[in-house]
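Trainee: One file is attached below, input_19.cif, containing mmCIF, C-alpha atoms and all ligand atoms.
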data_upload
loop_
_atom_site.label_atom_id
_atom_site.label_comp_id
_atom_site.auth_asym_id
_atom_site.auth_seq_id
_atom_site.Cartn_x
_atom_site.Cartn_y
_atom_site.Cartn_z
CA GLU A 27 74.32 -93.20 -100.22
CA ALA A 28 76.15 -96.36 -99.14
CA GLY A 29 78.91 -95.31 -101.53
CA LYS A 30 79.17 -91.93 -99.84
CA VAL A 31 79.42 -93.47 -96.38
CA ALA A 32 82.20 -95.79 -97.58
CA LEU A 33 84.05 -92.85 -99.16
CA MET A 34 83.75 -90.87 -95.94
CA GLN A 35 85.20 -93.79 -93.98
CA GLU A 36 88.10 -94.11 -96.45
CA ILE A 37 88.78 -90.39 -96.24
CA ASP A 38 88.77 -90.57 -92.46
CA GLN A 39 91.23 -93.47 -92.50
CA LEU A 40 93.60 -91.73 -94.93
CA ARG A 41 93.48 -88.50 -92.95
CA LYS A 42 94.69 -90.34 -89.84
CA GLU A 43 97.37 -92.34 -91.67
CA LYS A 44 98.78 -89.25 -93.34
CA ASN A 45 98.32 -86.80 -90.45
CA ALA A 46 96.31 -84.58 -92.79
CA VAL A 47 93.83 -81.88 -91.86
CA ILE A 48 90.73 -81.32 -94.01
CA LEU A 49 89.61 -77.68 -94.11
CA ALA A 50 86.24 -77.04 -95.77
CA HIS A 51 84.23 -73.96 -96.68
CA TYR A 52 80.47 -73.75 -95.96
CA TYR A 53 79.75 -73.77 -99.71
CA GLN A 54 81.07 -77.32 -100.14
CA GLU A 55 78.59 -80.17 -100.54
CA PRO A 56 77.14 -81.50 -97.25
CA GLU A 57 79.18 -84.73 -97.11
CA ILE A 58 82.43 -82.81 -97.60
CA GLN A 59 81.48 -80.50 -94.73
CA ASP A 60 80.62 -83.51 -92.56
CA VAL A 61 83.92 -85.26 -93.16
CA ALA A 62 86.07 -82.13 -92.63
CA ASP A 63 88.10 -81.41 -89.49
CA TYR A 64 87.05 -77.80 -89.66
CA VAL A 65 84.32 -75.97 -91.60
CA GLY A 66 84.43 -72.20 -91.69
CA ASP A 67 84.47 -68.88 -93.49
CA SER A 68 87.51 -67.53 -95.28
CA LEU A 69 88.95 -65.93 -92.16
CA GLY A 70 88.43 -69.00 -89.99
CA LEU A 71 89.96 -71.20 -92.67
CA SER A 72 93.07 -69.05 -92.96
CA GLN A 73 93.39 -68.92 -89.17
CA GLN A 74 93.19 -72.72 -89.06
CA ALA A 75 95.74 -73.01 -91.86
CA ALA A 76 98.08 -70.66 -89.98
CA LYS A 77 98.07 -72.76 -86.83
CA THR A 78 97.76 -76.35 -88.03
CA GLU A 79 100.31 -78.92 -86.97
CA ALA A 80 99.21 -81.46 -89.57
CA ASP A 81 101.74 -82.59 -92.20
CA MET A 82 99.35 -82.02 -95.10
CA ILE A 83 96.47 -79.60 -95.68
CA VAL A 84 93.57 -80.88 -97.77
CA PHE A 85 91.63 -77.83 -98.86
CA ALA A 86 87.98 -78.42 -99.66
CA GLY A 87 87.29 -74.98 -101.05
CA VAL A 88 88.46 -72.96 -104.03
CA HIS A 89 91.92 -72.28 -105.42
CA PHE A 90 92.61 -68.90 -103.75
CA MET A 91 91.86 -70.45 -100.35
CA ALA A 92 94.32 -73.30 -100.90
CA GLU A 93 96.91 -70.80 -102.17
CA THR A 94 96.51 -68.76 -98.98
CA ALA A 95 97.09 -71.93 -96.95
CA LYS A 96 100.23 -72.66 -98.99
CA ILE A 97 101.56 -69.12 -98.53
CA LEU A 98 101.16 -69.61 -94.77
CA ASN A 99 102.70 -73.10 -94.90
CA PRO A 100 105.39 -73.18 -97.58
CA ASN A 101 106.88 -76.40 -96.18
CA LYS A 102 103.64 -78.34 -96.02
CA LYS A 103 101.92 -80.13 -98.85
CA VAL A 104 98.64 -78.35 -99.70
CA ILE A 105 96.22 -80.20 -101.96
CA LEU A 106 92.91 -79.26 -103.60
CA PRO A 107 90.43 -81.86 -104.97
CA ASP A 108 90.22 -80.08 -108.35
CA LEU A 109 92.42 -77.25 -109.66
CA ASP A 110 89.43 -75.99 -111.67
CA ALA A 111 87.79 -74.86 -108.42
CA GLY A 112 88.31 -71.18 -109.24
CA CYS A 113 86.39 -68.03 -108.35
CA SER A 114 84.80 -65.36 -110.53
CA LEU A 115 86.08 -62.65 -108.19
CA ALA A 116 89.65 -63.91 -108.35
CA SER A 117 89.53 -64.13 -112.15
CA SER A 118 88.02 -60.63 -112.43
CA CYS A 119 91.35 -59.23 -111.25
CA PRO A 120 94.24 -60.17 -113.57
CA PRO A 121 97.69 -59.37 -112.08
CA GLU A 122 98.97 -57.38 -115.06
CA SER A 123 96.15 -54.82 -115.21
CA PHE A 124 95.88 -54.68 -111.43
CA GLY A 125 99.62 -54.02 -111.24
CA GLU A 126 99.19 -51.05 -113.59
CA PHE A 127 96.24 -49.77 -111.55
CA VAL A 128 98.30 -49.91 -108.35
CA LYS A 129 101.26 -48.24 -110.07
CA ALA A 130 99.01 -45.42 -111.25
CA HIS A 131 98.03 -44.69 -107.61
CA PRO A 132 101.30 -44.98 -105.70
CA ASP A 133 100.04 -43.08 -102.63
CA HIS A 134 97.13 -45.51 -102.06
CA VAL A 135 96.99 -48.26 -99.46
CA VAL A 136 96.06 -51.45 -101.31
CA VAL A 137 93.41 -53.52 -99.52
CA THR A 138 92.48 -56.76 -101.21
CA TYR A 139 89.65 -59.10 -100.43
CA ILE A 140 91.06 -62.60 -99.85
CA ASN A 141 89.12 -63.81 -102.94
CA CYS A 142 92.02 -63.04 -105.29
CA SER A 143 95.11 -64.80 -106.61
CA ALA A 144 98.48 -64.97 -104.84
CA GLU A 145 99.84 -62.52 -107.45
CA ILE A 146 97.24 -59.94 -106.42
CA LYS A 147 97.99 -60.50 -102.73
CA ALA A 148 101.65 -59.93 -103.56
CA LEU A 149 100.67 -56.46 -104.85
CA SER A 150 98.71 -55.65 -101.66
CA ASP A 151 99.40 -53.92 -98.37
CA ILE A 152 96.76 -55.78 -96.43
CA VAL A 153 94.25 -58.55 -97.09
CA CYS A 154 90.72 -58.74 -95.66
CA THR A 155 87.78 -61.10 -95.63
CA SER A 156 84.07 -60.34 -95.41
CA SER A 157 84.17 -60.78 -91.64
CA ASN A 158 86.95 -58.30 -90.94
CA ALA A 159 86.76 -55.85 -93.90
CA LEU A 160 85.35 -53.00 -91.78
CA LYS A 161 87.98 -53.52 -89.09
CA ILE A 162 90.81 -53.65 -91.62
CA VAL A 163 89.71 -50.50 -93.45
CA ASN A 164 89.15 -48.69 -90.13
CA SER A 165 92.73 -49.60 -89.15
CA ILE A 166 94.12 -47.50 -92.02
CA PRO A 167 95.00 -43.92 -91.06
CA LYS A 168 92.25 -41.51 -92.15
CA ASP A 169 94.58 -39.41 -94.31
CA ARG A 170 95.59 -42.35 -96.51
CA PRO A 171 93.65 -42.99 -99.74
CA ILE A 172 92.63 -46.61 -100.35
CA ILE A 173 92.35 -49.00 -103.28
CA PHE A 174 89.90 -51.84 -102.62
CA ALA A 175 89.82 -54.91 -104.88
CA PRO A 176 88.45 -57.05 -106.40
CA ASP A 177 84.83 -57.03 -105.12
CA LYS A 178 82.98 -53.79 -105.88
CA ASN A 179 79.88 -54.85 -103.94
CA LEU A 180 81.80 -55.53 -100.74
CA GLY A 181 83.78 -52.36 -101.48
CA LYS A 182 80.62 -50.24 -101.72
CA TYR A 183 79.30 -51.76 -98.51
CA VAL A 184 82.57 -51.01 -96.69
CA MET A 185 82.55 -47.42 -98.00
CA LYS A 186 79.03 -46.91 -96.69
CA GLN A 187 79.77 -48.42 -93.29
CA THR A 188 83.12 -46.75 -92.68
CA GLY A 189 82.47 -43.44 -94.48
CA ARG A 190 85.81 -43.89 -96.28
CA GLU A 191 86.20 -43.09 -99.96
CA MET A 192 87.89 -45.95 -101.80
CA LEU A 193 88.95 -46.61 -105.37
CA LEU A 194 87.11 -49.79 -106.29
CA TRP A 195 88.15 -52.51 -108.71
CA ASP A 196 85.27 -53.60 -110.96
CA GLY A 197 84.97 -57.23 -109.85
CA ALA A 198 82.00 -59.24 -108.65
CA CYS A 199 80.91 -62.69 -107.56
CA VAL A 200 78.68 -64.43 -110.12
CA VAL A 201 76.72 -66.18 -107.39
CA HIS A 202 75.92 -63.14 -105.26
CA GLU A 203 75.11 -61.01 -108.30
CA ALA A 204 72.56 -63.59 -109.43
CA PHE A 205 70.04 -62.88 -106.70
CA SER A 206 66.80 -61.50 -108.04
CA ILE A 207 65.37 -58.57 -106.08
CA ASP A 208 61.92 -59.10 -107.61
CA LYS A 209 61.80 -62.75 -106.65
CA LEU A 210 63.18 -61.93 -103.21
CA ILE A 211 60.43 -59.39 -102.58
CA GLU A 212 57.89 -61.89 -103.88
CA ILE A 213 59.07 -64.59 -101.46
CA HIS A 214 59.17 -62.11 -98.59
CA LYS A 215 55.53 -61.23 -99.28
CA SER A 216 54.53 -64.83 -98.68
CA HIS A 217 56.83 -65.07 -95.62
CA PRO A 218 56.41 -61.60 -94.07
CA GLU A 219 57.81 -62.74 -90.71
CA ALA A 220 61.06 -63.97 -92.22
CA GLU A 221 64.24 -61.98 -91.74
CA ILE A 222 66.51 -61.47 -94.72
CA ILE A 223 70.20 -62.14 -94.10
CA ALA A 224 72.75 -61.41 -96.79
CA HIS A 225 76.42 -61.72 -97.64
CA PRO A 226 78.10 -58.38 -98.46
CA GLU A 227 79.18 -59.69 -101.88
CA SER A 228 75.51 -59.19 -102.82
CA GLU A 229 74.40 -56.09 -104.72
CA GLU A 230 73.32 -52.96 -102.89
CA HIS A 231 69.59 -53.40 -103.62
CA ILE A 232 69.71 -56.85 -101.99
CA LEU A 233 71.70 -55.56 -98.99
CA GLN A 234 69.15 -52.77 -98.51
CA THR A 235 66.47 -55.36 -97.76
CA ALA A 236 68.61 -57.26 -95.24
CA ASN A 237 68.14 -57.36 -91.47
CA TYR A 238 71.66 -58.71 -91.09
CA ILE A 239 74.71 -58.49 -93.36
CA GLY A 240 77.81 -60.56 -92.70
CA SER A 241 80.23 -63.29 -93.65
CA THR A 242 79.11 -66.90 -93.81
CA SER A 243 80.16 -67.47 -90.18
CA GLY A 244 78.50 -64.23 -89.18
CA MET A 245 75.24 -65.35 -90.81
CA ILE A 246 75.37 -68.72 -89.05
CA ASN A 247 76.00 -67.07 -85.69
CA TYR A 248 73.10 -64.68 -86.29
CA VAL A 249 70.70 -67.54 -87.06
CA LYS A 250 71.86 -69.36 -83.90
CA LYS A 251 70.79 -66.36 -81.83
CA TYR A 252 67.23 -66.49 -83.14
CA PRO A 253 66.37 -70.19 -83.48
CA GLU A 254 62.63 -69.51 -83.43
CA LYS A 255 62.71 -67.20 -86.46
CA GLU A 256 62.46 -67.82 -90.18
CA PHE A 257 65.21 -66.63 -92.53
CA ILE A 258 65.65 -65.90 -96.22
CA VAL A 259 69.34 -66.54 -96.82
CA ALA A 260 71.12 -64.53 -99.53
CA THR A 261 74.36 -66.36 -100.03
CA GLU A 262 75.49 -69.61 -101.65
CA ALA A 263 73.02 -72.34 -100.72
CA GLY A 264 75.66 -74.70 -99.32
CA ILE A 265 75.52 -72.72 -96.09
CA LEU A 266 72.05 -74.04 -95.34
CA HIS A 267 73.53 -77.40 -94.39
CA GLN A 268 75.49 -76.04 -91.42
CA MET A 269 72.71 -73.64 -90.39
CA GLN A 270 70.19 -76.43 -90.27
CA LYS A 271 72.65 -78.65 -88.41
CA ASP A 272 73.27 -75.95 -85.80
CA VAL A 273 69.61 -74.98 -85.45
CA PRO A 274 67.54 -78.02 -86.49
CA ASP A 275 64.13 -76.36 -86.11
CA VAL A 276 64.88 -73.08 -87.83
CA LYS A 277 63.07 -72.36 -91.10
CA LEU A 278 65.44 -71.44 -93.91
CA ILE A 279 64.58 -70.24 -97.38
CA PRO A 280 67.41 -69.84 -99.91
CA ALA A 281 67.23 -66.46 -101.66
CA PRO A 282 66.13 -66.95 -105.28
CA SER A 283 68.39 -66.21 -108.22
CA HIS A 284 67.45 -64.85 -111.67
CA GLU A 285 68.03 -68.15 -113.36
CA ASP A 286 65.48 -70.90 -113.05
CA ASN A 287 67.88 -73.18 -111.23
CA THR A 288 66.53 -76.60 -110.40
CA CYS A 289 67.00 -75.82 -106.71
CA ALA A 290 65.67 -72.26 -107.24
CA CYS A 291 68.71 -70.99 -105.38
CA SER A 292 72.26 -69.94 -106.03
CA GLU A 293 75.05 -72.45 -106.11
CA CYS A 294 78.68 -71.70 -106.84
CA GLY A 295 79.76 -73.87 -109.75
CA TYR A 296 83.40 -73.43 -108.73
CA MET A 297 82.84 -74.66 -105.18
CA LYS A 298 80.79 -77.56 -106.47
CA VAL A 299 83.58 -78.71 -108.82
CA ASN A 300 84.87 -80.51 -105.74
CA THR A 301 83.06 -83.74 -104.96
CA LEU A 302 83.40 -86.28 -102.17
CA ARG A 303 84.97 -88.71 -104.63
CA LYS A 304 87.51 -86.13 -105.82
CA LEU A 305 88.31 -85.35 -102.19
CA TYR A 306 88.98 -89.05 -101.59
CA LEU A 307 91.22 -89.38 -104.67
CA CYS A 308 93.05 -86.19 -103.75
CA ILE A 309 93.93 -87.32 -100.23
CA LYS A 310 94.78 -90.80 -101.50
CA HIS A 311 97.16 -89.69 -104.28
CA GLU A 312 98.20 -86.42 -102.58
CA ARG A 313 97.46 -84.37 -105.67
CA PRO A 314 96.72 -81.99 -107.30
CA GLU A 315 99.17 -80.02 -105.25
CA ILE A 316 99.22 -76.24 -104.86
CA ASP A 317 102.46 -74.52 -105.73
CA VAL A 318 103.09 -70.79 -105.37
CA PRO A 319 106.38 -69.41 -106.77
CA ARG A 320 108.71 -68.33 -103.96
CA THR A 321 108.95 -64.63 -104.89
CA ILE A 322 105.14 -64.29 -105.00
CA ARG A 323 104.67 -66.37 -101.87
CA GLU A 324 107.09 -64.31 -99.84
CA ARG A 325 105.59 -61.01 -100.97
CA ALA A 326 102.02 -62.22 -100.41
CA LEU A 327 102.71 -63.43 -96.87
CA LEU A 328 103.04 -60.01 -95.26
CA PRO A 329 99.56 -58.65 -96.17
CA ILE A 330 98.00 -61.93 -94.98
CA GLU A 331 99.93 -61.82 -91.71
CA ARG A 332 98.88 -58.21 -91.17
CA MET A 333 95.26 -59.27 -91.55
CA LEU A 334 95.66 -62.20 -89.14
CA GLU A 335 97.35 -59.93 -86.58
CA ILE A 336 94.48 -57.39 -86.68
CA SER A 337 91.87 -60.18 -86.53
CA LYS A 338 93.20 -61.87 -83.37
P1 LIG B 1 83.15 -65.95 -96.43
O1 LIG B 1 82.88 -67.38 -96.12
O2 LIG B 1 84.48 -65.53 -95.88
O3 LIG B 1 82.05 -65.08 -95.99
O4 LIG B 1 83.29 -65.82 -98.01
C1 LIG B 1 82.27 -66.13 -98.88
C2 LIG B 1 82.74 -66.53 -100.22
O5 LIG B 1 82.19 -66.18 -101.23
C3 LIG B 1 83.87 -67.40 -100.32
O6 LIG B 1 84.16 -67.63 -101.62
FE1 LIG B 2 84.07 -66.95 -105.77
FE2 LIG B 2 81.53 -66.26 -105.50
FE3 LIG B 2 82.13 -68.80 -105.73
FE4 LIG B 2 82.78 -67.47 -103.49
S1 LIG B 2 80.73 -67.91 -104.23
S2 LIG B 2 84.08 -68.88 -104.64
S3 LIG B 2 83.23 -65.45 -104.32
S4 LIG B 2 82.45 -67.24 -107.31
#
Represent the structure from my file as structure tokens, please.
Ligand code: 13P
Ligand code: SF4

Mentor:
Amino acid sequence: EAGKVALMQEIDQLRKEKNAVILAHYYQEPEIQDVADYVGDSLGLSQQAAKTEADMIVFAGVHFMAETAKILNPNKKVILPDLDAGCSLASSCPPESFGEFVKAHPDHVVVTYINCSAEIKALSDIVCTSSNALKIVNSIPKDRPIIFAPDKNLGKYVMKQTGREMLLWDGACVVHEAFSIDKLIEIHKSHPEAEIIAHPESEEHILQTANYIGSTSGMINYVKKYPEKEFIVATEAGILHQMQKDVPDVKLIPAPSHEDNTCACSECGYMKVNTLRKLYLCIKHERPEIDVPRTIRERALLPIERMLEISK
């Protein structure tokens, strides 16, 4: 613990010396969230990246998030504690096969969930996140057919909510697909008063049980509205840290996954590749650095800017 406090102080010092901003996702370990300048969901993080005046962006999240920050800030140094911080959704959509899919449907508007690589964004018309997906899809003229990639679970949810038919890519998040409906029902039986809140990357049978469905920020805001309630939270367990911080007395139960995890909850191995120590080394040595080839970066910027414009 003393070591962690010292690391946090060092990180704080380096951030000031280097005029760096630390952007962290809610799935990062608690100390990383506590030392960050801003903690948020994917939309909030990209909005912060778009407006920062810092000289360097330290991204405590996964690779596609840091890439998005780099696309928005080609002249700034963007660093990530560990380049292995990937994402199962991003890797479920390889650029070559997605390029062929898009080519085969030239009349379709290509909507991609931000959890994808820069190459995929470069093949898109507009990007979305879990907090603005409905708004983005609703902004597309009704007579235009849509491709939605890479998350089929979010895609199905959006189709249901908007009534739009969409061609879905067959991608999924390993963490959100690991929730066990049987165990969830079991837990709910022993906590009948608890509300179930879920991230739309979860499978349909999980979403059907939920009282609220939304992005990580959406879920936190929902819990803040009902501080006296009890919640079963179906998303990556890192979010519990901020929820508990915002509403100290609220009772939170992480939704159980199939696997007998030691914490009996779902953790994203990619997000947890980053550690406080790696964050310290990264800001100290200013690497590993994110680089996106110019042609891809320039092509990927437009669909991100369209999303940011609609989300203002
Ligand atoms: P949001 O924080 O935007 O809801 O995204 C969740 C997620 O899985 C990020 O990888
Ligand atoms: Fe990707 Fe899922 Fe991890 Fe988010 S939680 S980074 S979507 S694998």

Trainee: With only C-alpha atoms and all ligand atoms counted, collect every polymer residue having an atom within 7 Å of ligand LIG 2 (chain B); state the result as a ChimeraX atom specification.

Mentor: /A:88,112-116,141,199-202,262,294-297

Trainee: Measuring between all atoms listed in the file, which one of A:Arg313, A:His225, A:Lys103, A:Lys186 shows the shortest distance to A:Asn237?

Mentor: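 For A:Asn237, the nearest of the given residues is A:His225.
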
Trainee: Could you report the residues within 6 Å of ligand LIG 1 (chain B), using only C-alpha atoms and all ligand atoms, as a JSON list (two decimals) with C-alpha atoms, in the frame of the given file?

Mentor:
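Dumped to out36.json:
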[["chain", "number", "residue", "atom", "x", "y", "z"],
["A", 67, "ASP", "CA", 84.47, -68.88, -93.49],
["A", 68, "SER", "CA", 87.51, -67.53, -95.28],
["A", 69, "LEU", "CA", 88.95, -65.93, -92.16],
["A", 155, "THR", "CA", 87.78, -61.10, -95.63],
["A", 156, "SER", "CA", 84.07, -60.34, -95.41],
["A", 241, "SER", "CA", 80.23, -63.29, -93.65],
["A", 242, "THR", "CA", 79.11, -66.90, -93.81]]

Trainee: Please identify all polymer residues within 10 Å of A:Lys30, counting only C-alpha atoms, omitting same-chain residues fewer than 5 positions from it, and present them as a VMD selection string.

Mentor: chain A and resid 35 to 36 57 to 58 302 to 303

Trainee: From the list A:Phe257, A:Phe127, A:Phe174, A:Tyr306, which residue is nearest A:Val84 when using all atoms listed in the file?

Mentor: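 Using all atoms listed in the file, A:Val84 sits closest to A:Tyr306.
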
Trainee: With all atoms listed in the file as the counted atoms, please give the residues lying no more than 10 Å from A:Leu233, apart from itself and same-chain residues fewer than 6 positions off, as a ChimeraX atom specification.

Mentor: /A:179,183,207,222-227,239,260

Trainee: Give as a list in words each residue that has an atom at most 12 Å from (97.9, -47.6, -107.1) in the file, counting all atoms listed in the file.

Mentor: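 Selection result: Ser123, Phe124, Gly125, Glu126, Phe127, Val128, Lys129, Ala130, His131, Pro132, Asp133, His134, Val135, Val136, Val137, Leu149, Ser150, Asp151, Pro171, Ile172, Ile173, Phe174, Ala175, Met192, Leu193, Leu194 and Trp195 of chain A.
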
Trainee: Model the absent atoms of stretch 32-57 of chain A so that N, CA and C atoms are present, and write the result as a short mmCIF file (atom, residue, chain, number, x, y, z; two decimals), keeping the file's coordinate frame.

Mentor:
data_model
loop_
_atom_site.label_atom_id
_atom_site.label_comp_id
_atom_site.auth_asym_id
_atom_site.auth_seq_id
_atom_site.Cartn_x
_atom_site.Cartn_y
_atom_site.Cartn_z
N ALA A 32 80.93 -95.07 -97.42
CA ALA A 32 82.20 -95.79 -97.58
C ALA A 32 83.33 -94.81 -97.91
N LEU A 33 83.03 -93.85 -98.80
CA LEU A 33 84.05 -92.85 -99.16
C LEU A 33 84.45 -92.02 -97.94
N MET A 34 83.46 -91.68 -97.14
CA MET A 34 83.75 -90.87 -95.94
C MET A 34 84.63 -91.66 -94.96
N GLN A 35 84.37 -92.96 -94.87
CA GLN A 35 85.20 -93.79 -93.98
C GLN A 35 86.63 -93.88 -94.51
N GLU A 36 86.76 -94.05 -95.83
CA GLU A 36 88.10 -94.11 -96.45
C GLU A 36 88.86 -92.81 -96.22
N ILE A 37 88.15 -91.70 -96.42
CA ILE A 37 88.78 -90.39 -96.24
C ILE A 37 89.27 -90.24 -94.79
N ASP A 38 88.44 -90.67 -93.87
CA ASP A 38 88.77 -90.57 -92.46
C ASP A 38 90.03 -91.39 -92.13
N GLN A 39 90.08 -92.58 -92.69
CA GLN A 39 91.23 -93.47 -92.50
C GLN A 39 92.52 -92.83 -93.05
N LEU A 40 92.43 -92.34 -94.28
CA LEU A 40 93.60 -91.73 -94.93
C LEU A 40 94.08 -90.49 -94.18
N ARG A 41 93.13 -89.71 -93.70
CA ARG A 41 93.48 -88.50 -92.95
C ARG A 41 94.35 -88.85 -91.73
N LYS A 42 93.93 -89.93 -91.04
CA LYS A 42 94.69 -90.34 -89.84
C LYS A 42 96.06 -90.86 -90.23
N GLU A 43 96.10 -91.74 -91.23
CA GLU A 43 97.37 -92.34 -91.67
C GLU A 43 98.37 -91.27 -92.09
N LYS A 44 97.88 -90.25 -92.76
CA LYS A 44 98.78 -89.25 -93.34
C LYS A 44 98.95 -88.01 -92.47
N ASN A 45 98.34 -87.99 -91.31
CA ASN A 45 98.32 -86.80 -90.45
C ASN A 45 97.94 -85.56 -91.28
N ALA A 46 96.80 -85.68 -91.95
CA ALA A 46 96.31 -84.58 -92.79
C ALA A 46 95.15 -83.88 -92.09
N VAL A 47 94.99 -82.60 -92.38
CA VAL A 47 93.83 -81.88 -91.86
C VAL A 47 92.95 -81.47 -93.06
N ILE A 48 91.66 -81.68 -92.92
CA ILE A 48 90.73 -81.32 -94.01
C ILE A 48 90.00 -80.04 -93.60
N LEU A 49 90.25 -78.98 -94.37
CA LEU A 49 89.61 -77.68 -94.11
C LEU A 49 88.55 -77.45 -95.19
N ALA A 50 87.32 -77.19 -94.78
CA ALA A 50 86.24 -77.04 -95.77
C ALA A 50 85.48 -75.73 -95.59
N HIS A 51 85.07 -75.17 -96.72
CA HIS A 51 84.23 -73.96 -96.68
C HIS A 51 82.76 -74.37 -96.63
N TYR A 52 81.92 -73.48 -96.09
CA TYR A 52 80.47 -73.75 -95.96
C TYR A 52 79.77 -73.97 -97.29
N TYR A 53 80.39 -73.60 -98.40
CA TYR A 53 79.75 -73.77 -99.71
C TYR A 53 80.02 -75.15 -100.31
N GLN A 54 80.80 -75.97 -99.62
CA GLN A 54 81.07 -77.32 -100.14
C GLN A 54 79.83 -78.21 -99.93
N GLU A 55 79.77 -79.30 -100.68
CA GLU A 55 78.59 -80.17 -100.54
C GLU A 55 78.54 -80.76 -99.13
N PRO A 56 77.32 -81.09 -98.65
CA PRO A 56 77.14 -81.50 -97.25
C PRO A 56 78.12 -82.59 -96.77
N GLU A 57 78.32 -83.62 -97.56
CA GLU A 57 79.18 -84.73 -97.11
C GLU A 57 80.62 -84.25 -96.91
#
